[in-house]
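Structure file target_33.pdb (PDB, C-alpha atoms and all ligand atoms) is printed below.
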ATOM      1  CA  MET A  34       0.000   0.000   0.000
ATOM      2  CA  GLY A  35       1.356   3.487  -0.858
ATOM      3  CA  ALA A  36       0.948   6.760   1.063
ATOM      4  CA  ARG A  37      -2.496   7.467   2.530
ATOM      5  CA  PHE A  38      -2.730  10.668   0.486
ATOM      6  CA  GLU A  39      -0.810  11.879  -2.545
ATOM      7  CA  GLU A  40      -1.317  14.897  -4.775
ATOM      8  CA  LEU A  41      -0.194  13.444  -8.093
ATOM      9  CA  ASP A  42      -0.259  16.710 -10.067
ATOM     10  CA  TRP A  43      -1.860  20.139 -10.210
ATOM     11  CA  ARG A  44      -1.995  22.908 -12.824
ATOM     12  CA  GLU A  45      -3.295  26.450 -13.181
ATOM     13  CA  THR A  46      -5.832  26.562 -16.031
ATOM     14  CA  SER A  47      -8.192  29.147 -17.500
ATOM     15  CA  ILE A  48     -11.069  27.718 -15.405
ATOM     16  CA  GLY A  49      -9.154  27.405 -12.115
ATOM     17  CA  VAL A  50      -6.586  25.160 -10.462
ATOM     18  CA  ILE A  51      -7.069  21.542 -11.435
ATOM     19  CA  SER A  52      -5.529  18.834  -9.289
ATOM     20  CA  LEU A  53      -5.314  15.075  -9.248
ATOM     21  CA  ARG A  54      -5.065  13.225  -5.971
ATOM     22  CA  ARG A  55      -5.003   9.645  -4.852
ATOM     23  CA  ARG A  56      -5.997   8.703  -1.343
ATOM     24  CA  ARG A  57      -6.479   5.499   0.538
ATOM     25  CA  ASP A  58     -10.006   5.278   1.931
ATOM     26  CA  PRO A  59      -9.613   3.202   5.109
ATOM     27  CA  SER A  60     -13.322   2.485   5.519
ATOM     28  CA  LEU A  61     -13.645   1.195   1.953
ATOM     29  CA  GLU A  62     -10.133  -0.304   1.905
ATOM     30  CA  ARG A  63      -9.422   0.985  -1.577
ATOM     31  CA  ASP A  64      -7.559   3.715  -3.417
ATOM     32  CA  VAL A  65      -9.705   6.597  -4.626
ATOM     33  CA  HIS A  66      -8.655   8.939  -7.440
ATOM     34  CA  GLU A  67     -10.162  12.414  -7.440
ATOM     35  CA  ILE A  68      -9.969  15.421  -9.751
ATOM     36  CA  LYS A  69     -10.675  18.790  -8.156
ATOM     37  CA  LEU A  70     -11.253  22.158  -9.783
ATOM     38  CA  ASP A  71     -10.196  24.698  -7.159
ATOM     39  CA  ASP A  72     -12.006  23.427  -4.036
ATOM     40  CA  GLU A  73     -14.791  21.697  -5.940
ATOM     41  CA  PHE A  74     -14.793  17.955  -6.659
ATOM     42  CA  LEU A  75     -15.129  17.398 -10.405
ATOM     43  CA  MET A  76     -14.814  13.639 -10.443
ATOM     44  CA  SER A  77     -14.191  10.722  -8.102
ATOM     45  CA  SER A  78     -13.439   7.117  -8.987
ATOM     46  CA  LEU A  79     -16.011   6.188  -6.316
ATOM     47  CA  PHE A  80     -18.849   7.417  -8.526
ATOM     48  CA  THR A  81     -18.685   5.868 -11.973
ATOM     49  CA  VAL A  82     -21.983   4.007 -12.492
ATOM     50  CA  ALA A  83     -23.850   6.810 -14.257
ATOM     51  CA  GLU A  84     -20.724   7.813 -16.230
ATOM     52  CA  ALA A  85     -20.616   4.299 -17.726
ATOM     53  CA  GLU A  86     -24.406   4.229 -18.177
ATOM     54  CA  LEU A  87     -24.123   7.402 -20.258
ATOM     55  CA  ALA A  88     -22.189   5.411 -22.864
ATOM     56  CA  ARG A  89     -24.266   2.247 -22.573
ATOM     57  CA  LEU A  90     -27.663   3.937 -22.828
ATOM     58  CA  GLY A  91     -26.493   6.225 -25.630
ATOM     59  CA  LEU A  92     -25.051   3.387 -27.715
ATOM     60  CA  ASP A  93     -27.956   1.011 -26.964
ATOM     61  CA  ALA A  94     -30.185   3.487 -28.794
ATOM     62  CA  LEU A  95     -28.257   2.786 -32.018
ATOM     63  CA  SER A  96     -28.414  -0.257 -34.231
ATOM     64  CA  GLY A  97     -25.738  -1.199 -36.718
ATOM     65  CA  THR A  98     -21.995  -1.428 -36.508
ATOM     66  CA  ASP A  99     -18.979   0.686 -37.448
ATOM     67  CA  LEU A 100     -20.038   3.453 -35.096
ATOM     68  CA  ASP A 101     -18.101   6.719 -34.900
ATOM     69  CA  VAL A 102     -18.548   8.218 -31.447
ATOM     70  CA  VAL A 103     -17.555  11.421 -29.634
ATOM     71  CA  VAL A 104     -17.227  11.711 -25.855
ATOM     72  CA  GLY A 105     -17.248  15.252 -24.458
ATOM     73  CA  GLY A 106     -15.157  15.419 -21.243
ATOM     74  CA  LEU A 107     -12.483  12.777 -20.567
ATOM     75  CA  GLY A 108     -12.319  13.103 -16.749
ATOM     76  CA  LEU A 109     -11.324   9.778 -15.207
ATOM     77  CA  GLY A 110     -12.283   8.014 -18.434
ATOM     78  CA  TYR A 111     -15.211   5.801 -17.349
ATOM     79  CA  THR A 112     -17.571   6.998 -20.100
ATOM     80  CA  ALA A 113     -14.856   6.513 -22.731
ATOM     81  CA  GLN A 114     -14.002   3.054 -21.401
ATOM     82  CA  ALA A 115     -17.662   1.964 -21.450
ATOM     83  CA  ALA A 116     -17.957   3.189 -25.054
ATOM     84  CA  LEU A 117     -14.886   1.171 -26.061
ATOM     85  CA  GLU A 118     -16.378  -1.935 -24.430
ATOM     86  CA  ASP A 119     -18.984  -1.808 -27.220
ATOM     87  CA  GLN A 120     -17.251  -3.632 -30.050
ATOM     88  CA  ARG A 121     -19.503  -1.912 -32.600
ATOM     89  CA  VAL A 122     -17.563   1.294 -31.931
ATOM     90  CA  ARG A 123     -15.135   1.852 -34.798
ATOM     91  CA  SER A 124     -13.697   5.158 -33.644
ATOM     92  CA  LEU A 125     -13.884   7.218 -30.481
ATOM     93  CA  ARG A 126     -12.862  10.859 -30.228
ATOM     94  CA  VAL A 127     -12.613  12.107 -26.651
ATOM     95  CA  VAL A 128     -12.683  15.906 -26.464
ATOM     96  CA  GLU A 129     -11.031  17.350 -23.353
ATOM     97  CA  SER A 130     -10.192  21.003 -22.743
ATOM     98  CA  LEU A 131      -7.477  20.411 -20.149
ATOM     99  CA  GLU A 132      -4.229  19.110 -21.529
ATOM    100  CA  SER A 133      -3.232  17.964 -18.042
ATOM    101  CA  VAL A 134      -6.167  15.537 -17.876
ATOM    102  CA  ILE A 135      -5.117  13.969 -21.187
ATOM    103  CA  GLU A 136      -1.514  13.817 -19.971
ATOM    104  CA  TRP A 137      -2.542  12.119 -16.709
ATOM    105  CA  HIS A 138      -4.038   9.316 -18.789
ATOM    106  CA  GLN A 139      -1.050   9.174 -21.133
ATOM    107  CA  ARG A 140       1.327   8.969 -18.147
ATOM    108  CA  ALA A 141      -0.883   6.233 -16.620
ATOM    109  CA  LEU A 142      -1.410   8.284 -13.440
ATOM    110  CA  LEU A 143      -5.060   7.279 -13.660
ATOM    111  CA  PRO A 144      -6.297   3.686 -13.386
ATOM    112  CA  LEU A 145      -7.832   3.551 -16.893
ATOM    113  CA  GLY A 146      -5.099   5.566 -18.612
ATOM    114  CA  SER A 147      -3.084   2.855 -20.364
ATOM    115  CA  GLU A 148      -6.175   1.004 -21.528
ATOM    116  CA  LEU A 149      -7.753   4.102 -23.102
ATOM    117  CA  VAL A 150      -4.580   5.392 -24.689
ATOM    118  CA  SER A 151      -3.506   2.053 -26.157
ATOM    119  CA  ASP A 152      -6.867   1.227 -27.768
ATOM    120  CA  ARG A 153      -6.291   1.911 -31.464
ATOM    121  CA  ARG A 154      -9.890   3.147 -31.838
ATOM    122  CA  SER A 155      -9.497   6.016 -29.367
ATOM    123  CA  HIS A 156      -8.175   9.505 -30.123
ATOM    124  CA  MET A 157      -7.699  12.174 -27.479
ATOM    125  CA  VAL A 158      -8.610  15.609 -28.810
ATOM    126  CA  HIS A 159      -7.424  18.633 -26.869
ATOM    127  CA  GLY A 160      -9.995  21.439 -27.191
ATOM    128  CA  ASP A 161     -13.148  23.134 -25.988
ATOM    129  CA  PHE A 162     -16.144  20.951 -26.855
ATOM    130  CA  PHE A 163     -18.581  23.896 -26.791
ATOM    131  CA  ALA A 164     -16.374  26.087 -28.979
ATOM    132  CA  MET A 165     -16.052  23.219 -31.465
ATOM    133  CA  VAL A 166     -19.848  22.961 -31.679
ATOM    134  CA  GLY A 167     -20.293  26.743 -31.760
ATOM    135  CA  ASP A 168     -17.873  27.440 -34.600
ATOM    136  CA  GLY A 169     -18.760  24.275 -36.516
ATOM    137  CA  SER A 170     -15.142  23.081 -36.602
ATOM    138  CA  GLY A 171     -16.139  19.587 -35.493
ATOM    139  CA  PHE A 172     -14.349  17.425 -32.985
ATOM    140  CA  GLY A 173     -10.858  17.318 -34.407
ATOM    141  CA  ALA A 174     -12.453  15.139 -37.057
ATOM    142  CA  GLU A 175     -10.638  13.820 -40.111
ATOM    143  CA  THR A 176     -12.675  16.250 -42.218
ATOM    144  CA  PRO A 177     -14.667  19.269 -40.922
ATOM    145  CA  ASP A 178     -17.895  17.794 -42.325
ATOM    146  CA  GLN A 179     -17.423  14.336 -40.761
ATOM    147  CA  ARG A 180     -20.597  13.186 -39.019
ATOM    148  CA  PHE A 181     -20.880  10.916 -36.017
ATOM    149  CA  HIS A 182     -23.362   8.297 -34.853
ATOM    150  CA  ALA A 183     -23.347   9.394 -31.221
ATOM    151  CA  VAL A 184     -22.139  12.235 -29.006
ATOM    152  CA  LEU A 185     -21.944  11.399 -25.278
ATOM    153  CA  LEU A 186     -21.547  14.484 -23.101
ATOM    154  CA  ASP A 187     -20.450  14.773 -19.463
ATOM    155  CA  ILE A 188     -18.799  18.127 -18.819
ATOM    156  CA  ASP A 189     -21.080  20.341 -16.725
ATOM    157  CA  HIS A 190     -22.752  19.468 -13.419
ATOM    158  CA  SER A 191     -26.033  19.899 -15.290
ATOM    159  CA  PRO A 192     -27.429  22.047 -18.137
ATOM    160  CA  THR A 193     -28.385  24.684 -15.554
ATOM    161  CA  ASN A 194     -25.281  24.333 -13.370
ATOM    162  CA  VAL A 195     -22.449  24.849 -15.826
ATOM    163  CA  LEU A 196     -18.702  25.009 -15.185
ATOM    164  CA  HIS A 197     -18.327  28.184 -17.209
ATOM    165  CA  PRO A 198     -20.965  30.695 -18.425
ATOM    166  CA  SER A 199     -19.789  30.171 -22.026
ATOM    167  CA  HIS A 200     -21.228  26.619 -21.885
ATOM    168  CA  ALA A 201     -24.826  27.679 -21.206
ATOM    169  CA  ALA A 202     -25.849  28.542 -24.795
ATOM    170  CA  PHE A 203     -25.093  24.998 -25.930
ATOM    171  CA  TYR A 204     -28.098  23.638 -23.985
ATOM    172  CA  GLU A 205     -30.554  25.983 -25.746
ATOM    173  CA  PRO A 206     -32.312  24.675 -28.885
ATOM    174  CA  GLU A 207     -29.969  26.713 -31.130
ATOM    175  CA  GLY A 208     -26.871  25.115 -29.574
ATOM    176  CA  LEU A 209     -28.406  21.643 -29.706
ATOM    177  CA  ARG A 210     -29.316  22.221 -33.365
ATOM    178  CA  ARG A 211     -25.661  22.964 -34.116
ATOM    179  CA  LEU A 212     -24.660  19.751 -32.390
ATOM    180  CA  ALA A 213     -27.275  17.807 -34.372
ATOM    181  CA  GLY A 214     -25.533  19.067 -37.524
ATOM    182  CA  HIS A 215     -22.564  16.861 -36.554
ATOM    183  CA  LEU A 216     -24.732  13.724 -36.292
ATOM    184  CA  HIS A 217     -25.897  11.280 -38.962
ATOM    185  CA  PRO A 218     -29.667  10.943 -39.443
ATOM    186  CA  GLY A 219     -30.888   8.668 -36.639
ATOM    187  CA  GLY A 220     -27.880   9.777 -34.552
ATOM    188  CA  VAL A 221     -27.897   9.969 -30.762
ATOM    189  CA  PHE A 222     -27.008  12.680 -28.258
ATOM    190  CA  ALA A 223     -26.711  11.448 -24.660
ATOM    191  CA  LEU A 224     -26.178  13.823 -21.749
ATOM    192  CA  TRP A 225     -25.196  13.222 -18.107
ATOM    193  CA  SER A 226     -26.649  15.466 -15.403
ATOM    194  CA  ASP A 227     -26.274  15.631 -11.639
ATOM    195  CA  ASP A 228     -29.825  17.032 -11.361
ATOM    196  CA  PRO A 229     -33.123  15.120 -11.430
ATOM    197  CA  PRO A 230     -34.939  15.003 -14.812
ATOM    198  CA  ASP A 231     -35.760  18.555 -15.863
ATOM    199  CA  GLU A 232     -38.791  19.285 -18.051
ATOM    200  CA  ASN A 233     -37.071  22.339 -19.575
ATOM    201  CA  VAL A 234     -34.093  20.233 -20.675
ATOM    202  CA  ASN A 235     -36.389  17.641 -22.233
ATOM    203  CA  ALA A 236     -38.349  20.403 -23.957
ATOM    204  CA  ALA A 237     -35.165  21.863 -25.496
ATOM    205  CA  LEU A 238     -34.073  18.403 -26.629
ATOM    206  CA  THR A 239     -37.412  17.566 -28.240
ATOM    207  CA  GLU A 240     -37.322  20.825 -30.210
ATOM    208  CA  VAL A 241     -34.337  19.409 -32.074
ATOM    209  CA  PHE A 242     -34.454  15.626 -31.682
ATOM    210  CA  ALA A 243     -37.300  13.287 -32.671
ATOM    211  CA  THR A 244     -37.264  11.600 -29.264
ATOM    212  CA  SER A 245     -35.796  12.301 -25.846
ATOM    213  CA  GLU A 246     -35.917  10.179 -22.733
ATOM    214  CA  ALA A 247     -34.578  10.920 -19.249
ATOM    215  CA  HIS A 248     -33.196   7.867 -17.414
ATOM    216  CA  VAL A 249     -32.674   8.064 -13.655
ATOM    217  CA  ILE A 250     -29.578   6.097 -12.665
ATOM    218  CA  THR A 251     -29.512   4.924  -9.059
ATOM    219  CA  PHE A 252     -26.280   3.826  -7.418
ATOM    220  CA  THR A 253     -24.940   3.115  -3.945
ATOM    221  CA  ASN A 254     -23.253   6.054  -2.276
ATOM    222  CA  PRO A 255     -20.434   4.579  -0.168
ATOM    223  CA  TYR A 256     -20.303   7.702   2.018
ATOM    224  CA  THR A 257     -23.960   7.855   3.012
ATOM    225  CA  GLY A 258     -24.568   4.108   2.805
ATOM    226  CA  GLY A 259     -27.737   5.075   0.933
ATOM    227  CA  GLU A 260     -28.526   5.612  -2.718
ATOM    228  CA  SER A 261     -27.822   8.575  -4.984
ATOM    229  CA  THR A 262     -29.081   9.322  -8.470
ATOM    230  CA  ASN A 263     -27.921  11.004 -11.653
ATOM    231  CA  THR A 264     -29.859  11.546 -14.868
ATOM    232  CA  VAL A 265     -28.915  10.457 -18.372
ATOM    233  CA  TYR A 266     -30.882  12.004 -21.240
ATOM    234  CA  VAL A 267     -30.893  10.088 -24.516
ATOM    235  CA  ALA A 268     -32.114  12.054 -27.529
ATOM    236  CA  LYS A 269     -32.327  10.633 -31.044
ATOM    237  CA  LEU A 270     -32.627  12.327 -34.402
ATOM    238  CA  ALA A 271     -35.233  11.259 -36.911
ATOM    239  CA  GLY A 272     -33.891   9.160 -39.727
ATOM    240  CA  PRO A 273     -33.066   5.642 -40.754
ATOM    241  CA  ASP A 274     -31.279   3.471 -38.258
ATOM    242  CA  HIS A 275     -27.608   3.272 -39.022
ATOM    243  CA  CYS A 276     -26.489   0.435 -41.265
ATOM    244  CA  PRO A 277     -22.871  -0.529 -41.807
ATOM    245  CA  LYS A 278     -21.292   0.279 -45.141
ATOM    246  CA  GLY A 279     -21.597  -2.734 -47.427
TER     247      GLY A 279
HETATM  248  C1  LIG B   1     -17.126  15.322 -14.965
HETATM  249  S1  LIG B   1     -15.671  15.149 -15.880
HETATM  250  C2  LIG B   1     -16.044  13.866 -17.037
HETATM  251  C3  LIG B   1     -16.143  12.529 -16.385
HETATM  252  C4  LIG B   1     -16.168  11.386 -17.361
HETATM  253  N1  LIG B   1     -17.516  11.168 -17.845
HETATM  254  C5  LIG B   1     -15.648  10.109 -16.730
HETATM  255  O1  LIG B   1     -16.214   9.047 -16.989
HETATM  256  O2  LIG B   1     -14.680  10.149 -15.973
HETATM  257  C6  LIG B   1     -15.711  16.585 -16.917
HETATM  258  C7  LIG B   1     -14.489  16.729 -17.803
HETATM  259  O3  LIG B   1     -14.763  17.754 -18.774
HETATM  260  C8  LIG B   1     -13.605  18.552 -18.946
HETATM  261  N2  LIG B   1     -14.015  19.848 -19.513
HETATM  262  C9  LIG B   1     -14.380  20.984 -18.860
HETATM  263  N3  LIG B   1     -14.736  21.936 -19.735
HETATM  264  C10 LIG B   1     -14.598  21.405 -20.979
HETATM  265  C11 LIG B   1     -14.807  21.884 -22.298
HETATM  266  N4  LIG B   1     -15.268  23.130 -22.509
HETATM  267  N5  LIG B   1     -14.536  21.073 -23.345
HETATM  268  C12 LIG B   1     -14.065  19.805 -23.143
HETATM  269  N6  LIG B   1     -13.856  19.287 -21.907
HETATM  270  C13 LIG B   1     -14.121  20.072 -20.847
HETATM  271  C14 LIG B   1     -13.015  18.605 -17.554
HETATM  272  O4  LIG B   1     -11.656  18.972 -17.600
HETATM  273  C15 LIG B   1     -13.234  17.171 -17.073
HETATM  274  O5  LIG B   1     -12.161  16.344 -17.425
END

Target encoding structure tokens, full file:
Amino acid sequence: MGARFEELDWRETSIGVISLRRRRDPSLERDVHEIKLDDEFLMSSLFTVAEAELARLGLDALSGTDLDVVVGGLGLGYTAQAALEDQRVRSLRVVESLESVIEWHQRALLPLGSELVSDRRSHMVHGDFFAMVGDGSGFGAETPDQRFHAVLLDIDHSPTNVLHPSHAAFYEPEGLRRLAGHLHPGGVFALWSDDPPDENVNAALTEVFATSEAHVITFTNPYTGGESTNTVYVAKLAGPDHCPKG
């Protein structure tokens, strides 16, 4: 067993000081990795159920193979890992604004790092997801007009509790319409939220997408001993279900 607490790295960024720490939780008898933004917890390896469900529910809404997928927000990598577990995924672009987070995976400071980096289907893209949608530049795609079968997003706490004010416009119908322009017909947008299902979010999604469903994900909270919930929205564009190229 290593030290009880270790700050593995920290950096000043445009949105605050981001730090990575590993600590031994004596009551759970396991190592916990945490990413903090200033004094706020952004991500903990203790809470990963809904992060993985974001990928599973989003991809379950698609039929066909040879799927090209975008994950917005790398974090500890649980959404990306769950997407790669789906063998129908042909390519995965993970858009992350903080170079340090990508580096932590590349340096294997995080438990899933080596696995994610060595999978030939995955590409880490350093950039601002919302700026990429806003200016139409795409997600570091091979060509600016490349379309994707699914975009799985977990960056903000929720559409109404955003990390930076510049993110808020994305969750309005106009922002969602821009995102839909990067999807194939029948494509899926899945969104993680820390808040309970919100009628206004569903309303914005159904202005742009043919269907939208809010899934409540319940998981055990090791600190309270009780249960906690997150929400995963899955919205799908109208259009034929995806078929692989013949
Ligand atoms: C909650 S974490 C993602 C957790 C991830 N779903 C997982 O399974 O570990 C949010 C991530 O989004 C990143 N992020 C913040 N703003 C961003 C932006 N504008 N564009 C891309 N990534 C951003 C943060 O640095 C952080 O790594």

The PyMOL selection byres (((not hetatm)) within 8 of (chain B and resi 1)) applied to the shown file, residues as a compact mmCIF listing (two decimals) with C-alpha atoms, in the frame of the given file:
# COMPACT_ATOMS: atom_id res chain seq x y z
CA LEU A 75 -15.13 17.40 -10.40
CA MET A 76 -14.81 13.64 -10.44
CA SER A 77 -14.19 10.72 -8.10
CA SER A 78 -13.44 7.12 -8.99
CA THR A 81 -18.68 5.87 -11.97
CA GLU A 84 -20.72 7.81 -16.23
CA ALA A 85 -20.62 4.30 -17.73
CA LEU A 87 -24.12 7.40 -20.26
CA GLY A 105 -17.25 15.25 -24.46
CA GLY A 106 -15.16 15.42 -21.24
CA LEU A 107 -12.48 12.78 -20.57
CA GLY A 108 -12.32 13.10 -16.75
CA LEU A 109 -11.32 9.78 -15.21
CA GLY A 110 -12.28 8.01 -18.43
CA TYR A 111 -15.21 5.80 -17.35
CA THR A 112 -17.57 7.00 -20.10
CA ALA A 113 -14.86 6.51 -22.73
CA GLN A 114 -14.00 3.05 -21.40
CA VAL A 128 -12.68 15.91 -26.46
CA GLU A 129 -11.03 17.35 -23.35
CA SER A 130 -10.19 21.00 -22.74
CA LEU A 131 -7.48 20.41 -20.15
CA VAL A 134 -6.17 15.54 -17.88
CA HIS A 159 -7.42 18.63 -26.87
CA GLY A 160 -9.99 21.44 -27.19
CA ASP A 161 -13.15 23.13 -25.99
CA PHE A 162 -16.14 20.95 -26.86
CA PHE A 163 -18.58 23.90 -26.79
CA ALA A 164 -16.37 26.09 -28.98
CA LEU A 186 -21.55 14.48 -23.10
CA ASP A 187 -20.45 14.77 -19.46
CA ILE A 188 -18.80 18.13 -18.82
CA ASP A 189 -21.08 20.34 -16.73
CA HIS A 190 -22.75 19.47 -13.42
CA LEU A 196 -18.70 25.01 -15.18
CA HIS A 197 -18.33 28.18 -17.21
CA HIS A 200 -21.23 26.62 -21.88
CA TRP A 225 -25.20 13.22 -18.11

Evaluated on this file, the PyMOL selection byres (((chain A and resi 123) around 8) and not hetatm) picks out some residues - which ones are they, written as a list of chain:residue names? A:Thr98, A:Asp99, A:Leu100, A:Asp101, A:Val102, A:Gln120, A:Arg121, A:Val122, A:Ser124, A:Leu125, A:Arg154

Grab the atom CA of A:Val241 to atom CA of A:Gly97 distance for me, in Å with one decimal place.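 Separation between atom CA of A:Val241 and atom CA of A:Gly97: 22.8 Å.
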
Suppose you want the space between atom CA of A:Gly171 and atom CA of A:Pro218; what is it in Å?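 Those two atoms sit 16.5 Å apart.
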
From the set A:Val104, A:Arg37, A:Glu86, A:Val265, which residue has the shortest atom-to-atom contact distance to A:Glu62, counting only C-alpha atoms? A:Arg37

Excluding A:Asp72 and its own-chain neighbours fewer than 2 positions away, which residues fall within 12 Å of it when counting all atoms listed in the file? Please give them as a ChimeraX atom specification. /A:49-53,67-70,74-75

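Between atom CA of A:Glu148 and atom CA of A:Glu39 there is a distance of 22.5 Å.
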
The residues within 9 Å of (-27.7, 23.0, -23.0), using all atoms listed in the file and the coordinates of the file, should be reported as an MDAnalysis selection string; which are they? chainID A and resid 191:193 200:206 208:209 234 237:238

For the selection just defined, write its residues with C-alpha atoms to a file, as an mmCIF file, in the frame of the given file.
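Now in result00.cif:
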data_model
loop_
_atom_site.group_PDB
_atom_site.id
_atom_site.type_symbol
_atom_site.label_atom_id
_atom_site.label_comp_id
_atom_site.auth_asym_id
_atom_site.auth_seq_id
_atom_site.Cartn_x
_atom_site.Cartn_y
_atom_site.Cartn_z
ATOM 1 C CA SER A 191 -26.033 19.899 -15.290
ATOM 2 C CA PRO A 192 -27.429 22.047 -18.137
ATOM 3 C CA THR A 193 -28.385 24.684 -15.554
ATOM 4 C CA HIS A 200 -21.228 26.619 -21.885
ATOM 5 C CA ALA A 201 -24.826 27.679 -21.206
ATOM 6 C CA ALA A 202 -25.849 28.542 -24.795
ATOM 7 C CA PHE A 203 -25.093 24.998 -25.930
ATOM 8 C CA TYR A 204 -28.098 23.638 -23.985
ATOM 9 C CA GLU A 205 -30.554 25.983 -25.746
ATOM 10 C CA PRO A 206 -32.312 24.675 -28.885
ATOM 11 C CA GLY A 208 -26.871 25.115 -29.574
ATOM 12 C CA LEU A 209 -28.406 21.643 -29.706
ATOM 13 C CA VAL A 234 -34.093 20.233 -20.675
ATOM 14 C CA ALA A 237 -35.165 21.863 -25.496
ATOM 15 C CA LEU A 238 -34.073 18.403 -26.629
#

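Within 9 Å of A:Asn254, once all atoms listed in the file are used and residues closer than 6 positions along the same chain are dropped, the contacting residues are Leu79, Phe80, Glu260 and Ser261 of chain A.
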
Selection export as a CSV table (one decimal), keeping the file's coordinate frame, atoms kept: C-alpha atoms:
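Result saved to selection.csv:
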chain,number,residue,atom,x,y,z
A,79,LEU,CA,-16.0,6.2,-6.3
A,80,PHE,CA,-18.8,7.4,-8.5
A,260,GLU,CA,-28.5,5.6,-2.7
A,261,SER,CA,-27.8,8.6,-5.0
